[in-house]
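> Handing you this structure, nothing more for now.
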Amino acid sequence: LDLAGTWPQLAGTATARVSGLPAPLTLRGDGRGGYALAAGALGEGQLSLISGEGFVPELGGTLRLRPLALLEGATGEAAAEVTLAGPLTAPRLTGTLETRAAQALGLRLTDTRGAFVGTPAEVRGTLSQGGETVATLEGQRLTLSGLRLGVAGGTLRASGSARLEGASPAADLTLTAEGGLGGTLQASYGAEALTVTGTLEAAGVRAALDVGASRQAGWRGSVQVTGGPNGVLTQPIRLRLSGPWAHPQAAGEAELLGAGARLVATPGGVQVRWVDGSAAQASGVLELRPDAAGEWRWLGSAALTRPELALSVTPRGPLADPELRAAAAAASSDCCGVAIMCSACPAKTALPGLGVSSSPRSRAARTGCGTSMP
C-alpha cells in the first residue's frame, strides 16, 4: 500500500492478491480523485471518487472484464462491461455480458448475451441464447432453464440452480443431451469439487459416467462404454479419468472386431490407436478433433486383417455424418479370387461406405456406393 493525499483524492499505488484471481489487483490514484484499476487478464477499469456527504464519497466509472480468465485453459471470448454510480458503500451497477465461441473443459457455450442491474449485493439480470432466455440471476441465485452447451458434435441443455455466495459457489444441474446425442447427466459442484453421473448415447453406443474432480486433486472416476453394432465391441470399454482440473484425460483399452484398440480422450480430441488383438491384426490411428468452428471431425486411417476379411478405412467429415474412403478384400472358399472395392460415400449402414464381394476374379460386382474391382 503506497497511497497518500487528502481523501478521496489519493495518489500512489495499492496492490492486493485475491484467491482465485489470475493476477494481483492494482489500484493507481492520480491525486485528483481518478483511479485506474488493473487485474491482469481479467480486465481493467477507470473509477472516480468525488467528495459527498460526510466521509463517504460518490463512486463513478466503468469496468471492462474478461470472465474466461477465471477458467484455466478456457478459449474464446467473454466480455462484460459494468458501469458504477452512487455512494461508495452501496453503488448501483448496470452491465452487459456477451460471449463468443467460449469453451472450457471440452464444453462449448452457445453464444450468449446478458444484461443486469442492481447493487453488488442484489443483482438482477437475464442471459439469452438465440433470443431465448436461458438463465435468470436474482441476488446470489442463478437459475438455468435450458442453457445450451456444445459437446462432441451434440448439445447439452443445462437446467437447475447455482448459489453464487462469496468464495464458495455451489450448483446442482441436470444436463439433457440432444442433437445427435441422447441421455441425461446429473452434475453437482460444491466445496470446490465437481461430480458428474449419468449416461450419454450416440449411434447405438452408450457411455455411463461416474466421475469427479477438484482443483486440488484433479480428475478421478471412470466411463464405461457399451453397445454399437453386433460383433464390433467384443467387451465393454472402461476408461479411467486422470489429470489436473483444467486438463482431464480418459484412457483405456478395448477389443474391436477382434483387434486391440488403445483409446485416449481429452477436451481437445479423441484418439484410437489400433494394434493386434486376439482375432485380428490391425494398425493405424483414428482421431476426432474439433475444427476452428468447434465442429468435431474425423481424421486418420486404420487397417484391419481377419481370416475372412482385410479392411482399411479413412473417415473424413463431421462426427455424426462422416464419409468413409474404404478398401476391402474378402476371401471365400467357393470362389477363385478376391474382390476389392474403393469408395467414398456417407456412413449410413452397419459397415458404412464399404462393399465387399466374393465374386471370381473375372467378374466385377457393382455396389450401392462404389464398384468392386477384380
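Labels for the C-alpha cells follow display order: chains A, B, ..., residues from 1 in each chain, ligands from 1.
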Could you make a table, as CSV, of the residues of stretch 250-274 of chain A that have an atom within 10 Å of an atom of stretch 222-225 of chain A, each with its nearest atom pair and distance in Å to one decimal, counting only C-alpha atoms, in chain and number order?


```
residue,atom,partner,partner_atom,distance
A:Ala250,CA,A:Ser222,CA,7.9
A:Ala251,CA,A:Ser222,CA,9.3
A:Gly252,CA,A:Val223,CA,9.5
A:Ala254,CA,A:Val225,CA,9.7
```

> At most 6 Å is the cut-off: for each residue in stretch 192-291 of chain A with any atom that close to an atom of stretch 173-182 of chain A, write down the nearest atom pair and the distance in Å rounded to one decimal, counting only C-alpha atoms, chain first then increasing number, as CSV.


```
residue,atom,partner,partner_atom,distance
A:Leu200,CA,A:Gly182,CA,5.6
A:Glu201,CA,A:Gly182,CA,4.9
A:Ala202,CA,A:Leu181,CA,5.0
```

> Residues of the last selection are to be written out with N, CA and C atoms, as a PDB file, in the first residue's frame.


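The result, stored in again00.pdb:
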```
ATOM      1  N   LEU A 200     -24.757 -41.098 -21.616  1.00  0.00           N
ATOM      2  CA  LEU A 200     -24.902 -40.454 -22.911  1.00  0.00           C
ATOM      3  C   LEU A 200     -24.932 -41.539 -23.974  1.00  0.00           C
ATOM      4  N   GLU A 201     -25.711 -41.330 -25.037  1.00  0.00           N
ATOM      5  CA  GLU A 201     -25.831 -42.311 -26.108  1.00  0.00           C
ATOM      6  C   GLU A 201     -25.720 -41.619 -27.459  1.00  0.00           C
ATOM      7  N   ALA A 202     -25.088 -42.316 -28.411  1.00  0.00           N
ATOM      8  CA  ALA A 202     -24.999 -41.828 -29.783  1.00  0.00           C
ATOM      9  C   ALA A 202     -24.757 -43.009 -30.699  1.00  0.00           C
TER      10      ALA A 202
END
```

> Near A:Gly12, counting only C-alpha atoms, which residues have an atom at most 8 Å away, once you skip same-chain residues fewer than 2 positions from it, shown as a PyMOL selection string?

chain A and resi 2-4+10+14+28-31

> Let me see the file: selected residues, all heavy atoms, as a compact mmCIF listing (two decimals), in the first residue's frame.


```
# COMPACT_ATOMS: atom_id res chain seq x y z
N ASP A 2 0.71 2.08 -1.01
CA ASP A 2 1.50 3.30 -1.12
C ASP A 2 0.63 4.41 -1.68
O ASP A 2 0.82 4.89 -2.81
CB ASP A 2 2.73 3.05 -2.00
CG ASP A 2 3.65 4.26 -2.06
OD1 ASP A 2 3.54 5.13 -1.18
OD2 ASP A 2 4.46 4.35 -3.01
N LEU A 3 -0.39 4.79 -0.92
CA LEU A 3 -1.30 5.86 -1.30
C LEU A 3 -1.19 7.00 -0.29
O LEU A 3 -1.12 6.76 0.92
CB LEU A 3 -2.74 5.35 -1.34
CG LEU A 3 -3.11 4.38 -2.48
CD1 LEU A 3 -4.48 3.79 -2.25
CD2 LEU A 3 -3.03 5.07 -3.83
N ALA A 4 -1.20 8.23 -0.77
CA ALA A 4 -1.10 9.37 0.12
C ALA A 4 -1.91 10.52 -0.44
O ALA A 4 -2.19 10.59 -1.65
CB ALA A 4 0.37 9.78 0.29
N LEU A 10 -6.42 10.63 -3.59
CA LEU A 10 -5.17 10.00 -3.21
C LEU A 10 -4.30 9.75 -4.42
O LEU A 10 -4.80 9.52 -5.54
CB LEU A 10 -5.44 8.68 -2.50
CG LEU A 10 -6.35 8.74 -1.26
CD1 LEU A 10 -6.55 7.33 -0.69
CD2 LEU A 10 -5.78 9.68 -0.21
N ALA A 14 -1.81 0.87 -4.81
CA ALA A 14 -2.15 -0.18 -3.84
C ALA A 14 -2.31 -1.49 -4.61
O ALA A 14 -2.93 -1.52 -5.67
CB ALA A 14 -3.45 0.15 -3.12
N ARG A 28 -4.26 2.49 -8.96
CA ARG A 28 -3.36 3.63 -9.05
C ARG A 28 -4.18 4.92 -9.00
O ARG A 28 -5.08 5.12 -9.83
CB ARG A 28 -2.54 3.59 -10.33
CG ARG A 28 -1.50 2.48 -10.37
CD ARG A 28 -0.64 2.56 -11.63
NE ARG A 28 0.47 1.62 -11.56
CZ ARG A 28 0.41 0.34 -11.95
NH1 ARG A 28 -0.75 -0.13 -12.42
NH2 ARG A 28 1.45 -0.43 -11.85
N GLY A 29 -3.86 5.78 -8.03
CA GLY A 29 -4.55 7.06 -7.91
C GLY A 29 -3.74 8.19 -8.49
O GLY A 29 -2.51 8.21 -8.39
N ASP A 30 -4.44 9.17 -9.12
CA ASP A 30 -3.74 10.29 -9.75
C ASP A 30 -3.69 11.53 -8.88
O ASP A 30 -3.20 12.59 -9.30
CB ASP A 30 -4.39 10.62 -11.10
CG ASP A 30 -5.84 11.06 -10.98
OD1 ASP A 30 -6.32 11.28 -9.84
OD2 ASP A 30 -6.51 11.18 -12.04
N GLY A 31 -4.24 11.46 -7.65
CA GLY A 31 -4.22 12.60 -6.75
C GLY A 31 -5.35 13.58 -6.98
O GLY A 31 -5.45 14.58 -6.25
```

> Show me, as a ChimeraX atom specification, the residues that have an atom within 6 Å of stretch 35-50 of chain A when counting only C-alpha atoms, minus same-chain residues fewer than 2 positions from it.

/A:23,25-29,33,57-66,69

> Could you check how far atom CA of A:Pro267 sits from atom CA of A:Pro248, in Å to one decimal?

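Computed distance, atom CA of A:Pro267 to atom CA of A:Pro248, equals 7.1 Å.
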
> Could you give me the residues within stretch 136-186 of chain A that DSSP places in strand (DSSP E or B), as a short mmCIF file (atom, residue, chain, number, x, y, z; two decimals) with all heavy atoms, in the first residue's frame?


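Saved the output as states-v1.cif:
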```
data_model
loop_
_atom_site.label_atom_id
_atom_site.label_comp_id
_atom_site.auth_asym_id
_atom_site.auth_seq_id
_atom_site.Cartn_x
_atom_site.Cartn_y
_atom_site.Cartn_z
N THR A 136 -31.61 -16.82 -15.31
CA THR A 136 -32.08 -15.66 -14.57
C THR A 136 -31.27 -15.52 -13.29
O THR A 136 -31.07 -16.50 -12.56
CB THR A 136 -33.57 -15.81 -14.21
OG1 THR A 136 -34.33 -15.99 -15.41
CG2 THR A 136 -34.08 -14.57 -13.49
N LEU A 137 -30.77 -14.31 -13.03
CA LEU A 137 -29.99 -14.03 -11.83
C LEU A 137 -30.81 -13.14 -10.90
O LEU A 137 -31.29 -12.08 -11.31
CB LEU A 137 -28.68 -13.34 -12.21
CG LEU A 137 -27.78 -12.89 -11.05
CD1 LEU A 137 -27.28 -14.09 -10.26
CD2 LEU A 137 -26.61 -12.05 -11.56
N GLU A 138 -30.97 -13.59 -9.66
CA GLU A 138 -31.64 -12.81 -8.64
C GLU A 138 -30.80 -12.87 -7.37
O GLU A 138 -30.77 -13.88 -6.67
CB GLU A 138 -33.05 -13.34 -8.36
CG GLU A 138 -34.00 -13.20 -9.55
CD GLU A 138 -35.42 -13.57 -9.19
OE1 GLU A 138 -35.66 -13.87 -8.00
OE2 GLU A 138 -36.27 -13.57 -10.09
N ARG A 141 -28.55 -16.00 -6.45
CA ARG A 141 -29.08 -17.25 -7.02
C ARG A 141 -29.21 -17.15 -8.53
O ARG A 141 -29.89 -16.25 -9.05
CB ARG A 141 -30.44 -17.59 -6.40
CG ARG A 141 -30.97 -18.96 -6.82
CD ARG A 141 -32.31 -19.23 -6.13
NE ARG A 141 -32.81 -20.55 -6.44
CZ ARG A 141 -32.47 -21.65 -5.78
NH1 ARG A 141 -31.62 -21.58 -4.77
NH2 ARG A 141 -32.98 -22.82 -6.10
N LEU A 142 -28.58 -18.08 -9.24
CA LEU A 142 -28.66 -18.17 -10.69
C LEU A 142 -29.48 -19.40 -11.07
O LEU A 142 -29.15 -20.52 -10.67
CB LEU A 142 -27.26 -18.27 -11.29
CG LEU A 142 -27.17 -18.43 -12.82
CD1 LEU A 142 -27.68 -17.17 -13.52
CD2 LEU A 142 -25.74 -18.74 -13.25
N THR A 143 -30.56 -19.20 -11.83
CA THR A 143 -31.42 -20.29 -12.26
C THR A 143 -31.25 -20.51 -13.77
O THR A 143 -31.44 -19.59 -14.56
CB THR A 143 -32.89 -19.99 -11.95
OG1 THR A 143 -33.04 -19.78 -10.55
CG2 THR A 143 -33.77 -21.16 -12.37
N LEU A 144 -30.88 -21.74 -14.15
CA LEU A 144 -30.70 -22.09 -15.56
C LEU A 144 -31.94 -22.82 -16.06
O LEU A 144 -32.50 -23.66 -15.36
CB LEU A 144 -29.47 -22.98 -15.74
CG LEU A 144 -28.13 -22.44 -15.24
CD1 LEU A 144 -27.02 -23.42 -15.56
CD2 LEU A 144 -27.83 -21.08 -15.83
N SER A 145 -32.33 -22.52 -17.30
CA SER A 145 -33.53 -23.14 -17.89
C SER A 145 -33.26 -23.46 -19.35
O SER A 145 -33.84 -22.84 -20.24
CB SER A 145 -34.74 -22.23 -17.74
OG SER A 145 -34.45 -20.92 -18.24
N GLY A 146 -32.35 -24.39 -19.59
CA GLY A 146 -32.06 -24.81 -20.96
C GLY A 146 -30.84 -24.15 -21.56
O GLY A 146 -30.75 -24.05 -22.80
N LEU A 147 -29.90 -23.72 -20.76
CA LEU A 147 -28.64 -23.15 -21.27
C LEU A 147 -27.95 -24.19 -22.15
O LEU A 147 -27.76 -25.33 -21.75
CB LEU A 147 -27.73 -22.77 -20.11
CG LEU A 147 -26.40 -22.11 -20.49
CD1 LEU A 147 -26.63 -20.65 -20.85
CD2 LEU A 147 -25.40 -22.23 -19.35
N ARG A 148 -27.55 -23.81 -23.37
CA ARG A 148 -27.01 -24.76 -24.34
C ARG A 148 -25.49 -24.80 -24.31
O ARG A 148 -24.82 -23.76 -24.35
CB ARG A 148 -27.50 -24.42 -25.76
CG ARG A 148 -29.00 -24.59 -25.93
CD ARG A 148 -29.40 -24.57 -27.40
NE ARG A 148 -29.10 -23.30 -28.04
CZ ARG A 148 -29.88 -22.22 -27.99
NH1 ARG A 148 -31.01 -22.27 -27.30
NH2 ARG A 148 -29.54 -21.12 -28.62
N LEU A 149 -24.96 -26.04 -24.27
CA LEU A 149 -23.53 -26.29 -24.29
C LEU A 149 -23.24 -27.32 -25.38
O LEU A 149 -23.89 -28.37 -25.43
CB LEU A 149 -23.04 -26.84 -22.94
CG LEU A 149 -23.30 -25.96 -21.71
CD1 LEU A 149 -23.13 -26.78 -20.44
CD2 LEU A 149 -22.36 -24.76 -21.71
N GLY A 150 -22.30 -27.04 -26.25
CA GLY A 150 -21.92 -27.99 -27.28
C GLY A 150 -20.88 -28.97 -26.75
O GLY A 150 -19.97 -28.60 -26.01
N VAL A 151 -21.01 -30.26 -27.12
CA VAL A 151 -20.05 -31.27 -26.70
C VAL A 151 -19.99 -32.36 -27.75
O VAL A 151 -21.01 -32.97 -28.09
CB VAL A 151 -20.40 -31.85 -25.32
CG1 VAL A 151 -21.82 -32.40 -25.29
CG2 VAL A 151 -19.41 -32.92 -24.90
N GLY A 154 -22.70 -32.87 -30.35
CA GLY A 154 -24.07 -32.79 -29.85
C GLY A 154 -24.26 -31.57 -28.97
O GLY A 154 -23.42 -30.67 -28.93
N THR A 155 -25.39 -31.54 -28.28
CA THR A 155 -25.72 -30.41 -27.42
C THR A 155 -26.21 -30.91 -26.07
O THR A 155 -26.96 -31.89 -25.99
CB THR A 155 -26.82 -29.54 -28.06
OG1 THR A 155 -26.37 -29.05 -29.32
CG2 THR A 155 -27.18 -28.35 -27.18
N LEU A 156 -25.79 -30.23 -25.00
CA LEU A 156 -26.32 -30.47 -23.66
C LEU A 156 -27.10 -29.23 -23.24
O LEU A 156 -26.64 -28.11 -23.39
CB LEU A 156 -25.20 -30.73 -22.65
CG LEU A 156 -24.37 -31.99 -22.84
CD1 LEU A 156 -23.25 -32.04 -21.80
CD2 LEU A 156 -25.23 -33.24 -22.75
N ARG A 157 -28.32 -29.45 -22.70
CA ARG A 157 -29.13 -28.35 -22.17
C ARG A 157 -29.08 -28.43 -20.65
O ARG A 157 -29.47 -29.43 -20.05
CB ARG A 157 -30.57 -28.47 -22.66
CG ARG A 157 -30.73 -28.02 -24.11
CD ARG A 157 -31.97 -27.17 -24.22
NE ARG A 157 -32.16 -26.63 -25.54
CZ ARG A 157 -32.65 -25.42 -25.75
NH1 ARG A 157 -32.92 -24.64 -24.72
NH2 ARG A 157 -32.84 -24.97 -26.96
N ALA A 158 -28.60 -27.35 -20.02
CA ALA A 158 -28.42 -27.32 -18.57
C ALA A 158 -29.58 -26.61 -17.90
O ALA A 158 -29.95 -25.49 -18.28
CB ALA A 158 -27.11 -26.63 -18.23
N SER A 159 -30.16 -27.29 -16.91
CA SER A 159 -31.23 -26.70 -16.10
C SER A 159 -30.93 -26.97 -14.63
O SER A 159 -30.33 -27.99 -14.28
CB SER A 159 -32.59 -27.30 -16.48
OG SER A 159 -32.90 -27.04 -17.83
N GLY A 160 -31.33 -26.04 -13.77
CA GLY A 160 -31.08 -26.19 -12.35
C GLY A 160 -30.74 -24.85 -11.74
O GLY A 160 -31.08 -23.79 -12.28
N SER A 161 -30.05 -24.87 -10.61
CA SER A 161 -29.75 -23.62 -9.91
C SER A 161 -28.33 -23.63 -9.37
O SER A 161 -27.74 -24.69 -9.12
CB SER A 161 -30.75 -23.41 -8.77
OG SER A 161 -30.63 -24.44 -7.81
N ALA A 162 -27.81 -22.43 -9.20
CA ALA A 162 -26.48 -22.24 -8.62
C ALA A 162 -26.55 -21.13 -7.58
O ALA A 162 -27.30 -20.16 -7.74
CB ALA A 162 -25.47 -21.90 -9.71
N ARG A 163 -25.78 -21.28 -6.52
CA ARG A 163 -25.70 -20.27 -5.47
C ARG A 163 -24.33 -19.61 -5.54
O ARG A 163 -23.30 -20.27 -5.36
CB ARG A 163 -25.92 -20.92 -4.10
CG ARG A 163 -27.28 -21.60 -3.99
CD ARG A 163 -27.49 -22.29 -2.65
NE ARG A 163 -26.51 -23.36 -2.43
CZ ARG A 163 -26.59 -24.58 -2.97
NH1 ARG A 163 -27.60 -24.87 -3.80
NH2 ARG A 163 -25.68 -25.49 -2.71
N ALA A 170 -21.93 -22.95 -5.36
CA ALA A 170 -22.40 -24.34 -5.44
C ALA A 170 -23.49 -24.42 -6.50
O ALA A 170 -24.18 -23.43 -6.78
CB ALA A 170 -22.94 -24.80 -4.09
N ALA A 171 -23.64 -25.61 -7.11
CA ALA A 171 -24.64 -25.78 -8.17
C ALA A 171 -25.10 -27.22 -8.23
O ALA A 171 -24.33 -28.15 -7.93
CB ALA A 171 -24.05 -25.36 -9.52
N ASP A 172 -26.37 -27.40 -8.61
CA ASP A 172 -26.95 -28.72 -8.89
C ASP A 172 -27.68 -28.61 -10.21
O ASP A 172 -28.69 -27.89 -10.31
CB ASP A 172 -27.91 -29.15 -7.78
CG ASP A 172 -27.19 -29.47 -6.48
OD1 ASP A 172 -26.41 -30.44 -6.47
OD2 ASP A 172 -27.39 -28.73 -5.49
N LEU A 173 -27.17 -29.32 -11.23
CA LEU A 173 -27.69 -29.16 -12.59
C LEU A 173 -28.06 -30.50 -13.20
O LEU A 173 -27.45 -31.53 -12.90
CB LEU A 173 -26.64 -28.49 -13.48
CG LEU A 173 -26.10 -27.13 -13.04
CD1 LEU A 173 -25.02 -26.67 -14.00
CD2 LEU A 173 -27.21 -26.10 -12.92
N THR A 174 -29.06 -30.47 -14.08
CA THR A 174 -29.42 -31.59 -14.94
C THR A 174 -29.03 -31.23 -16.37
O THR A 174 -29.43 -30.17 -16.88
CB THR A 174 -30.92 -31.89 -14.86
OG1 THR A 174 -31.25 -32.28 -13.53
CG2 THR A 174 -31.29 -33.04 -15.81
N LEU A 175 -28.25 -32.10 -17.02
CA LEU A 175 -27.79 -31.88 -18.38
C LEU A 175 -28.49 -32.88 -19.30
O LEU A 175 -28.27 -34.08 -19.18
CB LEU A 175 -26.27 -32.04 -18.47
CG LEU A 175 -25.45 -31.19 -17.50
CD1 LEU A 175 -23.98 -31.54 -17.60
CD2 LEU A 175 -25.65 -29.71 -17.76
N THR A 176 -29.33 -32.39 -20.20
CA THR A 176 -30.09 -33.24 -21.11
C THR A 176 -29.48 -33.15 -22.51
O THR A 176 -29.29 -32.06 -23.04
CB THR A 176 -31.56 -32.79 -21.16
OG1 THR A 176 -32.10 -32.82 -19.83
CG2 THR A 176 -32.37 -33.72 -22.04
N ALA A 177 -29.17 -34.31 -23.08
CA ALA A 177 -28.49 -34.36 -24.38
C ALA A 177 -29.49 -34.30 -25.52
O ALA A 177 -30.60 -34.83 -25.44
CB ALA A 177 -27.64 -35.63 -24.48
N GLU A 178 -29.08 -33.65 -26.63
CA GLU A 178 -29.90 -33.59 -27.84
C GLU A 178 -28.98 -33.33 -29.03
O GLU A 178 -27.77 -33.16 -28.87
CB GLU A 178 -30.96 -32.49 -27.72
CG GLU A 178 -30.39 -31.11 -27.48
CD GLU A 178 -31.46 -30.04 -27.31
OE1 GLU A 178 -32.52 -30.33 -26.72
OE2 GLU A 178 -31.21 -28.92 -27.77
N GLY A 182 -28.07 -38.56 -26.93
CA GLY A 182 -29.20 -38.81 -26.05
C GLY A 182 -28.70 -39.06 -24.64
O GLY A 182 -27.51 -39.27 -24.42
N GLY A 183 -29.61 -39.05 -23.68
CA GLY A 183 -29.23 -39.34 -22.31
C GLY A 183 -29.29 -38.13 -21.41
O GLY A 183 -29.58 -37.00 -21.84
N THR A 184 -29.02 -38.36 -20.12
CA THR A 184 -29.10 -37.31 -19.10
C THR A 184 -27.95 -37.45 -18.12
O THR A 184 -27.60 -38.57 -17.72
CB THR A 184 -30.43 -37.40 -18.33
OG1 THR A 184 -31.52 -37.27 -19.27
CG2 THR A 184 -30.54 -36.28 -17.31
N LEU A 185 -27.37 -36.33 -17.73
CA LEU A 185 -26.32 -36.29 -16.72
C LEU A 185 -26.76 -35.43 -15.55
O LEU A 185 -27.50 -34.46 -15.72
CB LEU A 185 -25.03 -35.71 -17.30
CG LEU A 185 -24.40 -36.42 -18.50
CD1 LEU A 185 -23.18 -35.64 -18.99
CD2 LEU A 185 -24.01 -37.85 -18.14
N GLN A 186 -26.31 -35.82 -14.35
CA GLN A 186 -26.51 -35.01 -13.15
C GLN A 186 -25.15 -34.47 -12.72
O GLN A 186 -24.21 -35.24 -12.55
CB GLN A 186 -27.13 -35.84 -12.03
CG GLN A 186 -28.50 -36.42 -12.35
CD GLN A 186 -29.56 -35.35 -12.53
OE1 GLN A 186 -29.51 -34.30 -11.89
NE2 GLN A 186 -30.52 -35.60 -13.41
#
```

> List the spatial neighbours of A:Glu287 as a ChimeraX atom specification - criterion: any atom at most 12 Å away, only C-alpha atoms, same-chain residues fewer than 6 positions off excluded.

/A:262-266,268-274,296-302,314-319

> Which distance in Å separates atom CA of A:Glu295 and atom CA of A:Ser283, to one decimal?

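These atoms are spaced 26.5 Å apart.
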
> Tell me which of A:Leu239, A:Leu93, A:Leu68, A:Leu109 sits closest to A:Gln129, counting only C-alpha atoms.

A:Leu109

> Just how far from atom CA of A:Gly212 is atom CA of A:Ala191, in Å to one decimal?

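Going from atom CA of A:Ala191 over to atom CA of A:Gly212 covers 12.5 Å.
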
> Set the distance at 10 Å and use only C-alpha atoms: which residues neighbour A:Ala121 once local chain neighbours fewer than 4 positions away are removed? I'd like the list as a list in words.

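Close residues of A:Ala121: Ala90, Pro91, Arg92, Glu138, Gly139, Gln140 and Glu165 of chain A.
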
> Find the residue from A:Ser312, A:Thr234, A:Ser19, A:Thr199 that sits nearest to A:Ser168; use only C-alpha atoms when measuring.

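Closest to A:Ser168, using only C-alpha atoms: A:Ser19.
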
> May I ask which of the residues A:Thr119, A:Leu241, A:Val56, A:Ser51 is the closest one to A:Val82, counting only C-alpha atoms?

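Looking at the shortest contact to A:Val82, the residue is A:Thr119.
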
> Excluding A:Thr226 and residues on its chain fewer than 4 positions from it, collect all residues at most 12 Å away from it, counting only C-alpha atoms, and give them as number ranges by chain.

A: 199-209, 230-239, 254-256

> Got a sec to tell me which of stretch 55-147 of chain A DSSP assigns to helix (DSSP H, G or I), as an MDAnalysis selection string?

chainID A and resid 67:70
